[in-house]
file final_23.txt (compact mmCIF, C-alpha atoms and all ligand atoms)
# COMPACT_ATOMS: atom_id res chain seq x y z
CA MET A 1 20.83 -8.71 18.50
CA LYS A 2 20.24 -5.85 16.10
CA LYS A 3 17.06 -4.85 17.84
CA HIS A 4 18.58 -1.74 19.33
CA LEU A 5 19.99 -0.62 16.03
CA LYS A 6 16.69 -1.24 14.32
CA THR A 7 14.89 0.87 16.84
CA ILE A 8 17.29 3.70 16.34
CA PHE A 9 16.91 3.37 12.61
CA ALA A 10 13.14 3.42 12.85
CA PHE A 11 13.24 6.52 14.99
CA ALA A 12 15.67 8.20 12.67
CA MET A 13 13.43 7.37 9.76
CA ALA A 14 10.38 8.69 11.52
CA ALA A 15 12.14 11.91 12.34
CA THR A 16 13.43 12.30 8.83
CA MET A 17 9.97 11.67 7.46
CA MET A 18 8.77 14.83 9.11
CA PHE A 19 11.22 16.79 6.99
CA ALA A 20 11.39 14.71 3.86
CA ALA A 21 7.68 14.14 3.69
CA VAL A 22 6.76 17.32 1.90
CA GLY A 23 8.68 16.39 -1.21
CA CYS A 24 7.50 12.83 -1.20
CA GLY A 25 3.88 13.51 -0.40
CA SER A 26 3.43 15.80 -3.35
CA PRO A 27 5.50 14.41 -6.21
CA SER A 28 6.51 16.97 -8.75
CA GLU A 29 5.68 14.63 -11.62
CA PRO A 30 2.43 15.37 -13.38
CA ALA A 31 -0.47 13.37 -12.03
CA SER A 32 -0.34 10.05 -13.79
CA ASP A 33 -3.79 8.77 -12.97
CA GLU A 34 -5.40 9.00 -16.37
CA GLN A 35 -3.33 6.41 -18.19
CA ASN A 36 -3.65 3.94 -15.37
CA VAL A 37 -7.27 4.26 -14.48
CA GLN A 38 -9.35 1.17 -14.82
CA SER A 39 -12.48 0.28 -13.08
CA THR A 40 -13.92 -2.98 -11.98
CA GLU A 41 -17.22 -4.05 -10.64
CA GLY A 42 -17.38 -5.86 -7.37
CA GLU A 43 -16.80 -9.58 -7.77
CA SER A 44 -19.74 -10.44 -5.53
CA GLU A 45 -22.08 -8.82 -8.00
CA GLY A 46 -21.28 -11.36 -10.69
CA GLU A 47 -20.40 -10.75 -14.29
CA ASP A 48 -23.38 -9.29 -16.02
CA GLY A 49 -21.38 -7.50 -18.66
CA THR A 50 -22.74 -4.10 -17.75
CA GLU A 51 -20.28 -1.32 -18.21
CA ALA A 52 -19.40 0.44 -14.99
CA GLU A 53 -20.81 3.91 -14.95
CA ALA A 54 -18.59 6.79 -14.07
CA PRO A 55 -18.34 6.75 -10.31
CA THR A 56 -20.57 9.19 -8.59
CA GLU A 57 -20.90 10.18 -5.02
CA SER A 58 -24.48 9.02 -5.18
CA GLY A 59 -25.93 7.48 -2.09
CA ASP A 60 -25.65 3.83 -3.03
CA THR A 61 -22.03 3.54 -4.17
CA LEU A 62 -18.81 3.71 -2.20
CA VAL A 63 -15.92 4.48 -4.54
CA MET A 64 -12.58 3.00 -3.48
CA ALA A 65 -9.35 4.35 -4.98
CA THR A 66 -6.51 1.85 -5.01
CA ASN A 67 -3.41 0.74 -6.87
CA ALA A 68 -4.01 -2.86 -7.85
CA GLU A 69 -0.32 -3.74 -8.01
CA PHE A 70 0.05 -4.62 -4.37
CA PRO A 71 -0.57 -8.30 -3.70
CA PRO A 72 -1.99 -9.64 -1.41
CA TYR A 73 -3.85 -6.39 -0.59
CA GLU A 74 -5.00 -5.52 -4.11
CA PHE A 75 -4.21 -7.20 -7.38
CA TYR A 76 -5.88 -8.40 -10.54
CA GLU A 77 -7.40 -11.83 -10.81
CA GLY A 78 -8.69 -12.00 -14.34
CA GLY A 79 -10.43 -8.69 -14.87
CA ASP A 80 -11.32 -8.17 -11.23
CA VAL A 81 -9.38 -6.38 -8.53
CA VAL A 82 -9.28 -8.67 -5.49
CA GLY A 83 -7.35 -8.82 -2.23
CA ILE A 84 -7.49 -8.03 1.46
CA ASP A 85 -8.27 -4.33 1.07
CA VAL A 86 -10.97 -5.00 -1.51
CA GLU A 87 -12.72 -7.52 0.73
CA ILE A 88 -12.49 -5.26 3.76
CA ALA A 89 -13.78 -2.29 1.78
CA ARG A 90 -16.62 -4.38 0.33
CA ALA A 91 -17.65 -5.51 3.82
CA VAL A 92 -17.51 -1.88 4.99
CA ALA A 93 -19.62 -0.78 2.02
CA GLU A 94 -22.13 -3.53 2.70
CA SER A 95 -22.48 -2.51 6.30
CA MET A 96 -23.30 0.99 5.03
CA GLY A 97 -25.84 -0.42 2.59
CA LYS A 98 -23.69 0.56 -0.38
CA GLU A 99 -22.10 -1.16 -3.31
CA LEU A 100 -18.33 -1.00 -3.68
CA HIS A 101 -16.86 0.40 -6.86
CA VAL A 102 -13.09 -0.01 -7.29
CA GLU A 103 -11.01 2.54 -9.21
CA ASP A 104 -7.47 1.42 -10.03
CA MET A 105 -4.91 4.20 -10.38
CA ALA A 106 -1.27 5.06 -9.68
CA PHE A 107 -0.52 5.01 -5.95
CA ASP A 108 0.38 8.69 -5.92
CA SER A 109 -2.98 9.56 -7.50
CA ILE A 110 -5.04 8.11 -4.64
CA ILE A 111 -4.89 11.10 -2.29
CA PRO A 112 -5.57 13.58 -5.14
CA ALA A 113 -8.60 11.41 -6.09
CA LEU A 114 -9.94 11.77 -2.55
CA LEU A 115 -9.34 15.50 -2.52
CA SER A 116 -11.12 16.02 -5.84
CA GLY A 117 -14.08 13.86 -4.78
CA LYS A 118 -13.39 11.32 -7.52
CA ALA A 119 -13.21 8.63 -4.83
CA ASP A 120 -14.73 8.30 -1.37
CA ILE A 121 -12.08 6.11 0.25
CA GLY A 122 -8.45 5.20 -0.37
CA ALA A 123 -7.74 1.58 0.54
CA ALA A 124 -4.31 0.63 -0.72
CA GLY A 125 -2.15 -0.81 2.01
CA MET A 126 -1.72 2.83 2.86
CA THR A 127 0.49 3.56 5.83
CA VAL A 128 -0.66 6.23 8.22
CA THR A 129 1.97 9.00 8.17
CA GLU A 130 2.04 12.49 9.64
CA ASP A 131 2.57 13.93 6.19
CA ARG A 132 -0.52 12.25 4.74
CA LYS A 133 -2.54 13.27 7.77
CA ALA A 134 -2.00 16.85 6.68
CA SER A 135 -4.11 16.24 3.58
CA VAL A 136 -6.46 13.35 4.45
CA ASP A 137 -8.07 11.76 7.49
CA PHE A 138 -7.46 8.13 8.39
CA THR A 139 -9.81 5.58 9.89
CA ASP A 140 -8.71 3.20 12.63
CA THR A 141 -5.85 0.99 11.50
CA TYR A 142 -6.55 -2.56 10.39
CA VAL A 143 -3.16 -4.18 9.68
CA LYS A 144 0.43 -3.81 10.87
CA ALA A 145 3.21 -3.83 8.31
CA SER A 146 6.87 -3.03 7.88
CA GLN A 147 9.34 -2.25 5.14
CA VAL A 148 11.73 -5.02 4.17
CA ILE A 149 14.57 -5.38 1.72
CA ILE A 150 14.66 -7.66 -1.31
CA VAL A 151 18.03 -8.52 -2.87
CA LYS A 152 19.36 -10.93 -5.47
CA ALA A 153 19.31 -14.50 -4.13
CA ASP A 154 23.12 -14.71 -4.26
CA ASN A 155 23.78 -11.32 -2.64
CA THR A 156 25.84 -11.70 0.52
CA GLU A 157 26.81 -8.06 0.88
CA ILE A 158 23.43 -6.56 1.73
CA THR A 159 22.21 -8.21 4.90
CA GLY A 160 19.91 -5.61 6.41
CA ALA A 161 18.99 -1.99 6.89
CA ASP A 162 22.53 -1.03 7.85
CA SER A 163 24.04 -2.30 4.62
CA VAL A 164 21.82 -0.66 1.98
CA GLU A 165 23.28 2.78 2.52
CA GLY A 166 24.43 4.34 -0.74
CA LYS A 167 23.15 1.44 -2.83
CA VAL A 168 20.90 1.70 -5.88
CA ILE A 169 17.50 1.04 -4.33
CA GLY A 170 14.28 0.43 -6.24
CA VAL A 171 10.96 1.49 -4.76
CA GLN A 172 7.39 2.16 -5.71
CA LEU A 173 6.89 5.86 -6.38
CA GLY A 174 5.44 7.89 -3.53
CA THR A 175 5.40 5.11 -0.95
CA THR A 176 6.92 4.95 2.51
CA GLY A 177 9.55 2.65 0.96
CA ASP A 178 10.42 5.57 -1.34
CA LEU A 179 10.75 7.82 1.67
CA TYR A 180 13.02 5.46 3.60
CA ALA A 181 15.19 4.67 0.60
CA SER A 182 15.60 8.37 -0.15
CA ASP A 183 16.97 8.78 3.32
CA VAL A 184 19.69 6.15 3.02
CA THR A 185 20.88 6.70 -0.53
CA ASP A 186 21.00 9.30 -3.29
CA THR A 187 20.34 6.65 -5.91
CA VAL A 188 16.67 5.73 -5.71
CA GLU A 189 14.98 4.22 -8.77
CA ARG A 190 11.23 4.84 -8.66
CA TYR A 191 8.77 2.54 -10.40
CA ASN A 192 4.99 2.70 -10.76
CA LYS A 193 4.69 -0.92 -9.75
CA GLY A 194 6.59 -2.87 -7.10
CA PHE A 195 6.68 -5.72 -9.60
CA GLU A 196 8.78 -3.59 -11.97
CA ALA A 197 11.28 -2.88 -9.20
CA VAL A 198 11.67 -6.60 -8.49
CA GLN A 199 12.10 -7.24 -12.21
CA ALA A 200 14.85 -4.60 -12.39
CA LEU A 201 16.50 -6.26 -9.41
CA SER A 202 16.52 -9.69 -10.98
CA GLN A 203 17.97 -8.13 -14.15
CA GLY A 204 20.81 -6.68 -12.07
CA LYS A 205 19.84 -3.06 -12.79
CA ILE A 206 19.50 -2.18 -9.10
CA ASP A 207 20.98 -3.53 -5.85
CA ALA A 208 17.89 -3.84 -3.66
CA VAL A 209 14.17 -3.13 -3.41
CA ILE A 210 12.50 -1.64 -0.34
CA ILE A 211 8.82 -2.46 -0.10
CA ASP A 212 6.12 -3.61 2.35
CA ASP A 213 6.71 -7.02 3.92
CA GLN A 214 3.77 -9.07 2.66
CA VAL A 215 4.04 -7.56 -0.80
CA ALA A 216 7.75 -8.41 -0.87
CA LYS A 217 6.88 -12.03 -0.08
CA ALA A 218 4.18 -12.15 -2.73
CA LEU A 219 6.40 -10.59 -5.39
CA ALA A 220 9.44 -12.69 -4.50
CA ALA A 221 7.43 -15.93 -4.43
CA ASP A 222 7.32 -15.98 -8.23
CA ASN A 223 10.96 -15.07 -8.71
CA ALA A 224 13.71 -17.53 -7.80
CA ASP A 225 16.37 -14.88 -8.56
CA VAL A 226 15.56 -12.84 -5.48
CA LYS A 227 15.21 -13.24 -1.72
CA VAL A 228 13.52 -11.23 1.01
CA LEU A 229 15.63 -10.26 4.02
CA ASP A 230 13.59 -11.16 7.08
CA GLU A 231 14.56 -8.21 9.18
CA PRO A 232 11.69 -5.72 9.27
CA PHE A 233 13.05 -2.23 9.80
CA THR A 234 10.00 -0.05 10.24
CA GLU A 235 6.74 -0.31 12.11
CA GLU A 236 3.77 0.84 10.08
CA GLU A 237 0.02 0.56 10.19
CA TYR A 238 -2.46 0.58 7.34
CA ALA A 239 -5.72 2.51 7.45
CA ILE A 240 -8.37 3.71 5.04
CA ALA A 241 -7.98 7.32 3.94
CA VAL A 242 -10.88 9.72 3.38
CA LYS A 243 -11.19 13.37 2.45
CA LYS A 244 -10.42 15.61 5.39
CA ASP A 245 -13.19 16.54 7.81
CA ASN A 246 -15.55 13.88 6.51
CA THR A 247 -16.16 12.84 10.10
CA GLU A 248 -19.37 10.98 9.44
CA LEU A 249 -17.76 8.70 6.88
CA VAL A 250 -14.79 8.00 9.16
CA GLU A 251 -17.17 7.10 11.98
CA GLN A 252 -19.20 4.78 9.76
CA ILE A 253 -16.07 3.02 8.52
CA ASN A 254 -14.66 2.73 12.04
CA ALA A 255 -17.91 1.18 13.27
CA ALA A 256 -17.74 -1.34 10.42
CA LEU A 257 -14.05 -2.07 11.10
CA THR A 258 -14.74 -2.65 14.77
CA GLU A 259 -17.50 -5.07 13.88
CA LEU A 260 -15.21 -6.86 11.40
CA LYS A 261 -12.49 -7.14 14.03
CA GLU A 262 -14.81 -8.37 16.77
CA SER A 263 -16.60 -10.90 14.62
CA GLY A 264 -13.30 -12.39 13.44
CA LYS A 265 -14.23 -11.60 9.82
CA LEU A 266 -11.24 -9.32 9.34
CA GLN A 267 -8.83 -12.04 10.45
CA GLU A 268 -10.65 -14.45 8.16
CA ILE A 269 -10.06 -12.13 5.20
CA VAL A 270 -6.37 -11.72 6.07
CA ASP A 271 -5.94 -15.48 6.53
CA LYS A 272 -7.50 -16.13 3.15
CA TYR A 273 -4.64 -14.24 1.48
CA ILE A 274 -1.75 -14.65 3.91
CA THR A 275 -0.77 -18.07 5.15
CA ALA A 276 0.82 -18.00 8.58
CA GLU A 277 4.47 -19.00 8.74
N1 LIG B 1 2.47 1.07 2.68
C1 LIG B 1 3.14 1.84 1.68
C2 LIG B 1 2.70 3.28 1.73
O1 LIG B 1 1.69 3.56 2.29
C3 LIG B 1 2.95 1.27 0.28
C4 LIG B 1 1.53 1.30 -0.20
C5 LIG B 1 1.35 0.87 -1.66
O2 LIG B 1 2.29 0.84 -2.44
N2 LIG B 1 0.16 0.51 -2.04
O3 LIG B 1 3.35 4.14 1.22

call {"tool": "encode", "arguments": {"input": "final_23.txt", "output": "structure tokens", "more": "lines below"}}
Ligand code: GLN
result
Amino acid sequence: MKKHLKTIFAFAMAATMMFAAVGCGSPSEPASDEQNVQSTEGESEGEDGTEAEAPTESGDTLVMATNAEFPPYEFYEGGDVVGIDVEIARAVAESMGKELHVEDMAFDSIIPALLSGKADIGAAGMTVTEDRKASVDFTDTYVKASQVIIVKADNTEITGADSVEGKVIGVQLGTTGDLYASDVTDTVERYNKGFEAVQALSQGKIDAVIIDDQVAKALAADNADVKVLDEPFTEEEYAIAVKKDNTELVEQINAALTELKESGKLQEIVDKYITAE
């Protein structure tokens, strides 16, 4: 019934993004990567206790920048970063004869890490946007996603995209959710982790959270105080980001992604982390 409205909303958002993107794509806050940086060796290599060396762009390592606060795409399991993106990136690295090295950092530090050469690829449930395309190149897309709203379980007032206007909305800093929220309200609370936004919601500090659909489900699953509104209100696609004009790397990744799609391996990875409804 609301399909038409949703479409209009999505278009409006897309149009607004073109204008709002500049501010959001280059946050004025100082880069916050240093305090959040952690590294982890690939789980398939086993725990041998060796300290990870500083990532290099040497021939045998593919360095992946991510923000491991985004289940089921990237999150910590014990000391390892695991998830859909990590497994896809590891398979891509393998197909290139390289070993994957994961660097965990703030989401808004991922593109700067690519630009400075600190990382080779950004794999972080990252939505392809026109604004980001101005600073990085994207591979083929590998997953579709959408923004959804999380509210308190007993909230009957906010029922969808058309009723969050002017509310206090929590988002993860620098994400598309941040962008959309900024368009519908002046009161956006920005957190480094989606988890912190959901926590603030359950403590009654904010009215709603806007975040990616599968992540919303994962974060809400552990919290009986909140519920996810089913209505998706954007259409987004995730891809791997690389430094601009690194055509060879994009082609290698695309070839690996195609192979993963055709062999059914990609679906297998997704199914391992997301159970169909
Ligand atoms: N898909 C969203 C974006 O690209 C959120 C990504 C994230 O928080 N890891 O902005």

call {"tool": "residues_around", "arguments": {"input": "final_23.txt", "residues": "segment 261-271 of chain A", "least_positions_apart": "4", "cutoff": "8 Å", "atoms": "all atoms listed in the file", "output": "VMD selection string"}}
result
chain A and resid 84 87 to 88 257 275 to 276

call {"tool": "atom_distance", "arguments": {"input": "final_23.txt", "atom1": "atom CA of Ala106 of chain A", "atom2": "atom CA of Val209 of chain A"}}
result
18.6 Å

call {"tool": "closest_residue", "arguments": {"input": "final_23.txt", "among": "A:Glu231, A:Asp162, A:Glu74, A:Glu130", "to": "Val148 of chain A", "atoms": "all atoms listed in the file"}}
result
A:Glu231

call {"tool": "residues_near_point", "arguments": {"input": "final_23.txt", "point": "(23.8, -7.1, 0.7)", "cutoff": "12 Å", "atoms": "only C-alpha atoms", "output": "list of chain:residue names"}}
result
A:Ile149, A:Ile150, A:Val151, A:Lys152, A:Ala153, A:Asp154, A:Asn155, A:Thr156, A:Glu157, A:Ile158, A:Thr159, A:Gly160, A:Ala161, A:Asp162, A:Ser163, A:Val164, A:Glu165, A:Gly166, A:Lys167, A:Val168, A:Ile169, A:Ile206, A:Asp207, A:Ala208, A:Val209, A:Val226, A:Lys227, A:Val228, A:Leu229

call {"tool": "closest_residue", "arguments": {"input": "final_23.txt", "among": "A:Lys217, A:Lys205, A:Arg132, A:Lys243", "to": "ligand LIG 1 (chain B)", "atoms": "all atoms listed in the file"}}
result
A:Arg132
